[in-house]
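Enquirer: Pasting protein_2.cif below, which is mmCIF, C-alpha atoms and all ligand atoms.
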```
data_data
loop_
_atom_site.label_atom_id
_atom_site.label_comp_id
_atom_site.auth_asym_id
_atom_site.auth_seq_id
_atom_site.Cartn_x
_atom_site.Cartn_y
_atom_site.Cartn_z
CA MET X 1 22.77 -13.17 43.29
CA SER X 2 26.39 -12.89 42.34
CA ASP X 3 28.26 -9.78 43.28
CA PRO X 4 25.67 -7.19 42.26
CA MET X 5 27.42 -4.04 43.42
CA ASN X 6 30.39 -4.90 41.20
CA MET X 7 28.08 -4.63 38.26
CA ASN X 8 26.88 -1.15 38.96
CA LYS X 9 28.59 0.35 35.95
CA LEU X 10 25.86 -1.49 34.06
CA TYR X 11 23.12 -0.20 36.31
CA GLN X 12 21.44 3.15 35.94
CA PRO X 13 21.08 5.50 38.93
CA ASP X 14 17.41 6.15 39.56
CA ASN X 15 17.51 9.15 41.85
CA VAL X 16 17.02 12.64 40.58
CA ALA X 17 19.26 14.15 43.27
CA ALA X 18 22.31 12.46 44.77
CA GLY X 19 21.83 10.91 48.25
CA PRO X 20 22.35 10.18 51.01
CA TYR X 21 18.76 9.22 51.78
CA ILE X 22 17.48 7.79 55.06
CA ARG X 23 15.08 4.83 54.93
CA ASP X 24 13.20 2.96 57.61
CA PRO X 25 14.34 -0.65 57.98
CA VAL X 26 12.07 -3.16 56.26
CA PRO X 27 11.69 -6.93 56.71
CA CYS X 28 12.72 -9.37 54.00
CA GLN X 29 9.61 -10.60 52.18
CA GLN X 30 11.27 -12.42 49.31
CA VAL X 31 10.57 -16.04 50.15
CA ALA X 32 7.07 -15.57 51.54
CA GLU X 33 5.83 -13.26 48.75
CA SER X 34 7.39 -15.30 45.95
CA LYS X 35 5.88 -18.53 47.21
CA LYS X 36 2.47 -16.92 47.70
CA LEU X 37 2.26 -15.61 44.14
CA ILE X 38 3.69 -18.79 42.61
CA LEU X 39 1.11 -20.87 44.48
CA ALA X 40 -1.68 -18.64 43.21
CA ALA X 41 -0.44 -19.12 39.65
CA ALA X 42 -0.15 -22.89 40.24
CA GLU X 43 -3.76 -23.10 41.38
CA TRP X 44 -5.01 -21.21 38.35
CA ALA X 45 -3.01 -23.33 35.89
CA GLN X 46 -4.00 -26.75 34.60
CA PRO X 47 -2.17 -29.36 36.72
CA GLY X 48 -0.23 -30.90 33.82
CA SER X 49 3.32 -29.66 33.34
CA ALA X 50 5.38 -26.88 34.86
CA LEU X 51 8.69 -25.38 33.74
CA ILE X 52 10.92 -23.57 36.24
CA LEU X 53 13.64 -21.39 34.71
CA GLY X 54 16.75 -20.42 36.71
CA ALA X 55 15.52 -22.53 39.63
CA GLY X 56 18.93 -22.26 41.35
CA HIS X 57 18.74 -22.66 45.12
CA CYS X 58 14.95 -23.13 44.83
CA ALA X 59 14.64 -20.96 47.95
CA GLU X 60 11.71 -18.98 46.52
CA LEU X 61 9.93 -21.98 45.09
CA PRO X 62 7.18 -23.95 46.90
CA LEU X 63 8.60 -27.14 45.38
CA LYS X 64 6.69 -29.63 47.51
CA GLU X 65 3.37 -27.98 46.74
CA LEU X 66 4.22 -27.77 43.04
CA ALA X 67 5.17 -31.45 43.01
CA ALA X 68 1.83 -32.25 44.64
CA ARG X 69 -0.09 -30.28 42.03
CA PHE X 70 1.69 -30.99 38.72
CA GLU X 71 2.21 -34.28 36.90
CA ASN X 72 5.69 -33.28 35.84
CA ILE X 73 8.04 -30.39 36.46
CA THR X 74 11.11 -29.43 34.44
CA LEU X 75 13.71 -27.50 36.42
CA ASN X 76 16.36 -25.50 34.63
CA ASP X 77 19.47 -23.67 35.70
CA ILE X 78 22.84 -22.95 34.13
CA ASP X 79 24.55 -24.08 37.34
CA ASN X 80 24.23 -27.78 38.09
CA ALA X 81 25.83 -27.58 41.54
CA VAL X 82 23.52 -24.81 42.77
CA LEU X 83 20.44 -26.64 41.56
CA ASP X 84 21.65 -29.86 43.19
CA GLU X 85 22.04 -28.04 46.51
CA GLY X 86 18.61 -26.46 46.13
CA LEU X 87 16.97 -29.81 45.47
CA SER X 88 18.72 -31.46 48.41
CA ALA X 89 17.53 -28.65 50.70
CA ALA X 90 13.94 -28.95 49.43
CA GLY X 91 13.40 -32.23 51.33
CA LEU X 92 11.37 -33.90 48.58
CA THR X 93 10.12 -37.47 48.90
CA ASP X 94 11.12 -40.05 46.26
CA GLU X 95 7.65 -39.75 44.79
CA GLU X 96 7.93 -35.96 44.48
CA ARG X 97 11.48 -36.23 43.13
CA ALA X 98 10.30 -38.68 40.44
CA LYS X 99 8.15 -35.93 38.92
CA LEU X 100 11.18 -33.71 38.26
CA THR X 101 13.27 -33.48 35.11
CA ILE X 102 16.52 -31.52 35.39
CA HIS X 103 17.60 -29.47 32.40
CA ILE X 104 20.96 -27.75 32.78
CA ALA X 105 21.23 -25.09 30.08
CA ASP X 106 22.06 -21.46 29.40
CA LEU X 107 18.76 -19.74 28.68
CA THR X 108 20.36 -17.17 26.39
CA GLY X 109 21.79 -19.92 24.17
CA VAL X 110 24.75 -17.70 23.33
CA THR X 111 27.08 -17.29 26.33
CA GLU X 112 29.32 -20.26 25.55
CA SER X 113 29.92 -19.31 21.92
CA LEU X 114 30.56 -15.66 22.81
CA ILE X 115 33.12 -16.65 25.42
CA SER X 116 34.85 -18.95 22.98
CA ARG X 117 35.03 -16.15 20.38
CA ILE X 118 36.24 -13.70 23.03
CA GLU X 119 39.06 -16.12 23.87
CA ASP X 120 40.00 -16.21 20.17
CA ILE X 121 40.04 -12.41 20.07
CA LEU X 122 42.19 -12.26 23.20
CA SER X 123 44.76 -14.69 21.88
CA ALA X 124 45.01 -12.88 18.52
CA ASP X 125 45.92 -9.37 19.72
CA ARG X 126 48.26 -7.86 22.34
CA ASP X 127 46.72 -4.38 22.39
CA PRO X 128 44.06 -4.22 25.13
CA GLN X 129 42.14 -1.34 23.50
CA ALA X 130 41.97 -3.15 20.16
CA VAL X 131 40.79 -6.27 21.99
CA ILE X 132 38.07 -4.33 23.81
CA GLU X 133 36.86 -2.87 20.52
CA ALA X 134 36.75 -6.33 18.91
CA MET X 135 34.93 -7.79 21.94
CA ALA X 136 32.37 -4.99 21.90
CA HIS X 137 31.87 -5.39 18.14
CA LEU X 138 31.27 -9.09 18.68
CA LEU X 139 28.48 -8.30 21.13
CA ASP X 140 27.02 -5.63 18.85
CA THR X 141 26.58 -8.14 16.06
CA ALA X 142 25.70 -11.36 17.95
CA LEU X 143 22.22 -12.84 17.75
CA VAL X 144 20.58 -14.31 20.85
CA PRO X 145 19.04 -17.70 20.02
CA GLY X 146 17.31 -18.08 23.38
CA MET X 147 16.31 -21.09 25.45
CA PRO X 148 17.33 -24.55 24.27
CA ILE X 149 14.04 -25.86 25.61
CA THR X 150 11.23 -27.60 23.78
CA GLY X 151 7.56 -28.06 24.53
CA LYS X 152 4.73 -26.07 26.05
CA TYR X 153 3.89 -25.95 29.74
CA ASP X 154 0.78 -25.15 31.75
CA LEU X 155 2.84 -23.02 34.12
CA VAL X 156 6.19 -21.35 33.44
CA ILE X 157 8.01 -19.93 36.47
CA ALA X 158 10.83 -17.41 36.09
CA SER X 159 11.73 -16.19 39.57
CA CYS X 160 14.50 -13.57 39.58
CA VAL X 161 16.38 -14.85 36.56
CA LEU X 162 15.59 -12.16 33.95
CA SER X 163 18.11 -9.69 35.41
CA GLN X 164 20.82 -12.37 35.68
CA LEU X 165 20.94 -13.69 32.14
CA HIS X 166 24.07 -11.79 31.12
CA PHE X 167 26.02 -12.39 34.36
CA GLY X 168 27.87 -15.41 32.96
CA LEU X 169 29.03 -13.42 29.95
CA LEU X 170 30.04 -10.44 32.06
CA HIS X 171 32.06 -12.39 34.63
CA ARG X 172 33.64 -14.88 32.25
CA ALA X 173 34.65 -12.16 29.76
CA ARG X 174 36.27 -10.21 32.55
CA LEU X 175 38.14 -13.29 33.82
CA ALA X 176 39.37 -14.14 30.33
CA PHE X 177 40.54 -10.55 29.81
CA ASP X 178 42.36 -10.58 33.14
CA ARG X 179 44.10 -13.85 32.24
CA GLN X 180 45.43 -12.28 29.05
CA PHE X 181 46.19 -8.86 30.56
CA PRO X 182 46.92 -9.61 34.23
CA GLY X 183 45.99 -6.80 36.61
CA LYS X 184 44.36 -4.78 33.80
CA ASP X 185 40.77 -5.99 34.05
CA GLU X 186 39.71 -2.48 35.12
CA LEU X 187 40.47 -1.37 31.55
CA LEU X 188 37.59 -3.55 30.45
CA ALA X 189 35.31 -2.77 33.38
CA ASP X 190 35.83 0.99 32.88
CA SER X 191 35.46 0.91 29.11
CA VAL X 192 32.34 2.79 28.02
CA ARG X 193 32.49 0.98 24.67
CA TRP X 194 32.44 -2.46 26.32
CA THR X 195 29.93 -1.54 29.03
CA SER X 196 27.52 -0.07 26.46
CA ALA X 197 27.79 -3.17 24.25
CA LEU X 198 27.16 -5.39 27.27
CA PHE X 199 24.23 -3.23 28.38
CA GLU X 200 22.61 -3.59 24.95
CA MET X 201 23.33 -7.34 24.89
CA ALA X 202 21.70 -7.73 28.33
CA ARG X 203 18.59 -5.98 27.01
CA ARG X 204 18.50 -8.27 23.94
CA MET X 205 18.88 -11.35 26.16
CA GLU X 206 15.97 -10.12 28.29
CA GLN X 207 13.75 -9.48 25.26
CA ARG X 208 14.49 -12.93 23.85
CA PHE X 209 13.70 -14.42 27.26
CA ILE X 210 10.28 -12.72 27.32
CA ASP X 211 9.60 -14.00 23.79
CA ASN X 212 10.59 -17.50 24.94
CA LEU X 213 8.19 -17.30 27.88
CA ALA X 214 5.38 -16.71 25.41
CA ASP X 215 6.67 -19.56 23.18
CA HIS X 216 6.74 -22.14 25.97
CA VAL X 217 3.46 -21.52 27.71
CA ALA X 218 0.51 -23.64 26.59
CA PRO X 219 -2.56 -21.81 25.21
CA GLY X 220 -4.44 -20.47 28.22
CA GLY X 221 -1.48 -21.31 30.46
CA PHE X 222 0.11 -19.13 33.13
CA ILE X 223 3.48 -17.48 33.68
CA TYR X 224 4.97 -16.33 36.95
CA LEU X 225 7.62 -13.69 36.28
CA SER X 226 9.47 -11.82 38.99
CA ASP X 227 12.66 -9.83 39.29
CA SER X 228 14.63 -7.38 41.30
CA THR X 229 14.11 -4.26 39.26
CA GLN X 230 16.20 -2.02 41.54
CA ILE X 231 19.06 -2.46 43.99
CA CYS X 232 19.91 -0.22 46.92
CA GLU X 233 22.94 -0.55 49.18
CA VAL X 234 22.08 0.46 52.75
CA LYS X 235 24.18 1.23 55.83
CA GLY X 236 22.93 1.03 59.42
CA THR X 237 22.87 4.39 61.27
CA PRO X 238 23.26 4.95 65.05
CA GLU X 239 19.53 5.91 65.10
CA GLY X 240 18.55 2.47 63.78
CA LYS X 241 17.71 3.74 60.28
CA TRP X 242 19.22 2.76 56.94
CA GLU X 243 21.27 5.29 54.96
CA THR X 244 21.66 4.91 51.20
CA ALA X 245 23.24 6.80 48.32
CA GLY X 246 20.18 5.90 46.23
CA THR X 247 18.81 3.12 44.08
CA GLN X 248 20.01 1.73 40.78
CA ARG X 249 17.98 0.08 38.07
CA MET X 250 18.90 -3.50 37.26
CA LEU X 251 16.59 -3.86 34.30
CA ARG X 252 15.72 -1.77 31.27
CA THR X 253 13.22 0.25 33.27
CA ARG X 254 12.15 0.25 36.87
CA TYR X 255 8.88 -1.59 36.16
CA ILE X 256 8.81 -5.24 35.20
CA THR X 257 5.49 -4.60 33.46
CA ASP X 258 7.38 -2.56 30.83
CA TYR X 259 8.57 -5.91 29.43
CA LEU X 260 5.04 -7.06 28.72
CA ASP X 261 2.94 -6.59 25.61
CA GLN X 262 -0.39 -7.70 24.14
CA ARG X 263 0.62 -11.38 24.20
CA PHE X 264 0.16 -11.39 27.97
CA VAL X 265 -2.76 -10.63 30.26
CA SER X 266 -1.74 -9.65 33.78
CA VAL X 267 -3.89 -11.46 36.36
CA GLY X 268 -1.86 -10.86 39.52
CA ARG X 269 0.81 -8.46 40.68
CA GLU X 270 2.79 -7.79 43.85
CA ARG X 271 5.81 -5.75 44.88
CA TRP X 272 8.04 -6.41 47.90
CA ASP X 273 11.45 -5.92 49.52
CA TRP X 274 14.17 -8.53 49.37
CA VAL X 275 16.67 -7.68 52.08
CA VAL X 276 20.05 -9.37 51.82
CA THR X 277 22.30 -9.12 54.90
CA PRO X 278 20.18 -6.50 56.73
CA PRO X 279 22.36 -4.03 58.69
CA LEU X 280 22.00 -5.02 62.35
CA GLN X 281 24.61 -2.63 63.79
CA PRO X 282 25.53 0.97 62.87
CA GLY X 283 27.95 0.81 59.94
CA ASP X 284 26.80 -2.65 58.75
CA ILE X 285 26.20 -2.77 55.01
CA GLY X 286 23.24 -4.57 53.47
CA ARG X 287 21.31 -4.62 50.22
CA VAL X 288 17.66 -4.15 49.46
CA TYR X 289 16.15 -5.26 46.18
CA ASP X 290 12.84 -3.90 44.92
CA VAL X 291 11.20 -7.08 43.64
CA GLN X 292 8.17 -7.06 41.38
CA GLY X 293 6.22 -10.21 40.57
CA VAL X 294 3.48 -10.72 38.01
CA VAL X 295 1.23 -13.62 37.09
CA LEU X 296 0.43 -13.60 33.41
CA ARG X 297 -2.02 -15.47 31.32
CA THR X 298 -1.82 -16.05 27.61
CA TRP X 299 -4.80 -15.91 25.31
CA ARG X 300 -6.46 -19.17 24.37
CA THR X 301 -6.13 -19.54 20.60
C1 LIG X 401 18.70 -14.93 41.72
S1 LIG X 401 18.85 -16.60 41.34
C2 LIG X 401 17.17 -17.15 41.36
C3 LIG X 401 16.86 -17.92 42.54
C4 LIG X 401 15.90 -19.07 42.43
N1 LIG X 401 14.80 -18.83 41.50
C5 LIG X 401 15.43 -19.44 43.82
O1 LIG X 401 14.25 -19.73 44.00
O2 LIG X 401 16.28 -19.49 44.72
C6 LIG X 401 19.15 -16.62 39.59
C7 LIG X 401 19.39 -18.01 39.06
O3 LIG X 401 19.44 -17.92 37.64
C8 LIG X 401 20.47 -18.74 37.16
N2 LIG X 401 20.90 -18.20 35.86
C9 LIG X 401 21.54 -17.04 35.63
N3 LIG X 401 21.78 -16.90 34.32
C10 LIG X 401 21.26 -17.99 33.71
C11 LIG X 401 21.20 -18.41 32.36
N4 LIG X 401 21.74 -17.66 31.41
N5 LIG X 401 20.60 -19.58 32.08
C12 LIG X 401 20.06 -20.34 33.09
N6 LIG X 401 20.10 -19.98 34.39
C13 LIG X 401 20.70 -18.82 34.69
C14 LIG X 401 21.56 -18.63 38.22
O4 LIG X 401 22.46 -19.73 38.15
C15 LIG X 401 20.74 -18.60 39.50
O5 LIG X 401 20.54 -19.87 40.04
#
```
Would it be possible to restate this file's structure as structure tokens?
Ligand SMILES: C[S@@+](CC[C@H](N)C(=O)[O-])C[C@H]1O[C@@H](n2cnc3c(N)ncnc32)[C@H](O)[C@@H]1O

Expert:
Amino acid sequence: MSDPMNMNKLYQPDNVAAGPYIRDPVPCQQVAESKKLILAAAEWAQPGSALILGAGHCAELPLKELAARFENITLNDIDNAVLDEGLSAAGLTDEERAKLTIHIADLTGVTESLISRIEDILSADRDPQAVIEAMAHLLDTALVPGMPITGKYDLVIASCVLSQLHFGLLHRARLAFDRQFPGKDELLADSVRWTSALFEMARRMEQRFIDNLADHVAPGGFIYLSDSTQICEVKGTPEGKWETAGTQRMLRTRYITDYLDQRFVSVGRERWDWVVTPPLQPGDIGRVYDVQGVVLRTWRT
């Protein structure tokens, strides 16, 4: 995940009272739990085609087992280099590799055009506040076309990509702003107008993504959907505990199931901790994500 604590102006604090809170250390379950639930979904699905969205480093994906089960697998990510690394690390045989189709694409379908229009706005005005207003207005009015992907798949896997869809827009807009107004990128990051527009855009990207999941799953097919719904920065204490100021929501609500509706039937659900850089010494800083995974089935029609 890229730089999550820098994004916390977009995240909503979830604690009623301010911290600090003390937590017991927990082990990282991300890879084991993700693979377990994906494999369950793979066994339930017909062994025809699978689509993996935001496959990235493929660390959470049982790629070899999926290649053994499915006739063909389409892997998507916006980042070619990351996916290349992930595939190299997966240690696939030539036969397994031959089943894969790589599809590099932005699943929102809108980031590139928004960035290009933001660059136009930036080059047309020298007043940073006027630029921020125009950028926010652009987001307010932009439609989200969604995935440039065709076809229907027996299994669609979306492991920890839902919460990331707007990251490209966020980071690239900030870089473009900083290029035009060097040293003033905090003006954008601190702008309530911009942050609110981005927050709403992120929610629209997520909703479109959920609609696209339904569009691309075959009748009676399965979906594996997981994400880090909350993030918590933790610091090691001399007593061996973890101290935190509290948790922040990364999605619209703290439950991934709030994204689901009558199009989906939930047939499996788990919740686990994803610990990134666990604090090993007092004062070390780490992050814990609350990850929720669901296996969904669509109705046969
Ligand atoms: C947290 S990682 C998921 C990790 C991956 N599923 C794994 O098993 O290691 C999120 C991935 O989503 C990709 N991503 C983020 N926004 C995207 C977008 N708009 N379109 C396609 N992929 C995107 C990122 O490049 C990254 O590889």

Enquirer: Got a sec to check which residues lie within 6 Å of ligand LIG 401 (chain X), using only C-alpha atoms and all ligand atoms, and send them as a list of chain:residue names?

Expert: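 I would give the residues around ligand LIG 401 (chain X) as X:Met1, X:Gly54, X:Ala55, X:Gly56, X:His57, X:Cys58, X:Ala59, X:Glu60, X:Leu61, X:Asp77, X:Ile78, X:Asp79, X:Ala105, X:Asp106, X:Leu107, X:Thr108, X:Ser159, X:Cys160, X:Val161, X:Gln164, X:Leu165.
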
Enquirer: Could you check which of X:Leu260, X:Leu53, X:Ala40, X:Ala18 is closest to Ala158 in chain X, using all atoms listed in the file?

Expert: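 The shortest atom-to-atom distance to Ala158 in chain X comes from X:Leu53.
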
Enquirer: Set out as a tab-separated table a contact list for range 162-246 of chain X and range 19-33 of chain X with a cut-off of 12 Å, giving each residue of range 162-246 of chain X that qualifies its closest atom pair and distance in Å to one decimal, counting all atoms listed in the file, ordered by chain and rising residue number.

Expert:
```
residue	atom	partner	partner_atom	distance
X:Ser226	CA	X:Gln30	CA	10.5
X:Asp227	CA	X:Gln30	CA	10.4
X:Ser228	CA	X:Gln30	CA	10.0
X:Cys232	CA	X:Arg23	CA	10.6
X:Glu233	CA	X:Pro20	CA	10.9
X:Val234	CA	X:Arg23	CA	8.5
X:Lys235	CA	X:Ile22	CA	9.4
X:Gly236	CA	X:Pro25	CA	8.9
X:Thr237	CA	X:Ile22	CA	8.9
X:Pro238	CA	X:Ile22	CA	11.9
X:Glu239	CA	X:Asp24	CA	10.2
X:Gly240	CA	X:Pro25	CA	7.8
X:Lys241	CA	X:Asp24	CA	5.3
X:Trp242	CA	X:Arg23	CA	5.0
X:Glu243	CA	X:Ile22	CA	4.5
X:Thr244	CA	X:Tyr21	CA	5.2
X:Ala245	CA	X:Gly19	CA	4.3
X:Gly246	CA	X:Gly19	CA	5.6
```

Enquirer: Tell me which of X:Tyr259, X:Trp272, X:Phe70, X:Phe167 sits closest to Thr111 in chain X, counting all atoms listed in the file.

Expert: X:Phe167

Enquirer: Tell me which of X:Thr93, X:Thr150, X:Gln46, X:Ser266 sits closest to Thr74 in chain X, counting only C-alpha atoms.

Expert: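 Closest residue, counting only C-alpha atoms: X:Thr150.
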
Enquirer: How many Å lie between CA of Ile132 in chain X and CA of Ser191 in chain X, rounded to one decimal?

Expert: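 Those two atoms sit 7.9 Å apart.
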
Enquirer: From the list X:Ala142, X:Ala134, X:Ala90, X:Val291, which residue is nearest Pro62 in chain X when using all atoms listed in the file?

Expert: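 The closest residue to Pro62 in chain X is X:Ala90.
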
Enquirer: Provide the CA of Lys64 in chain X to CA of Asp215 in chain X distance in Å, to one decimal place.

Expert: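 Going from CA of Lys64 in chain X over to CA of Asp215 in chain X covers 26.3 Å.
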
Enquirer: Counting all atoms listed in the file, figure out which residue out of X:Lys35, X:Arg126, X:Arg69, X:Arg263 gets nearest to Asp211 in chain X.

Expert: X:Arg263
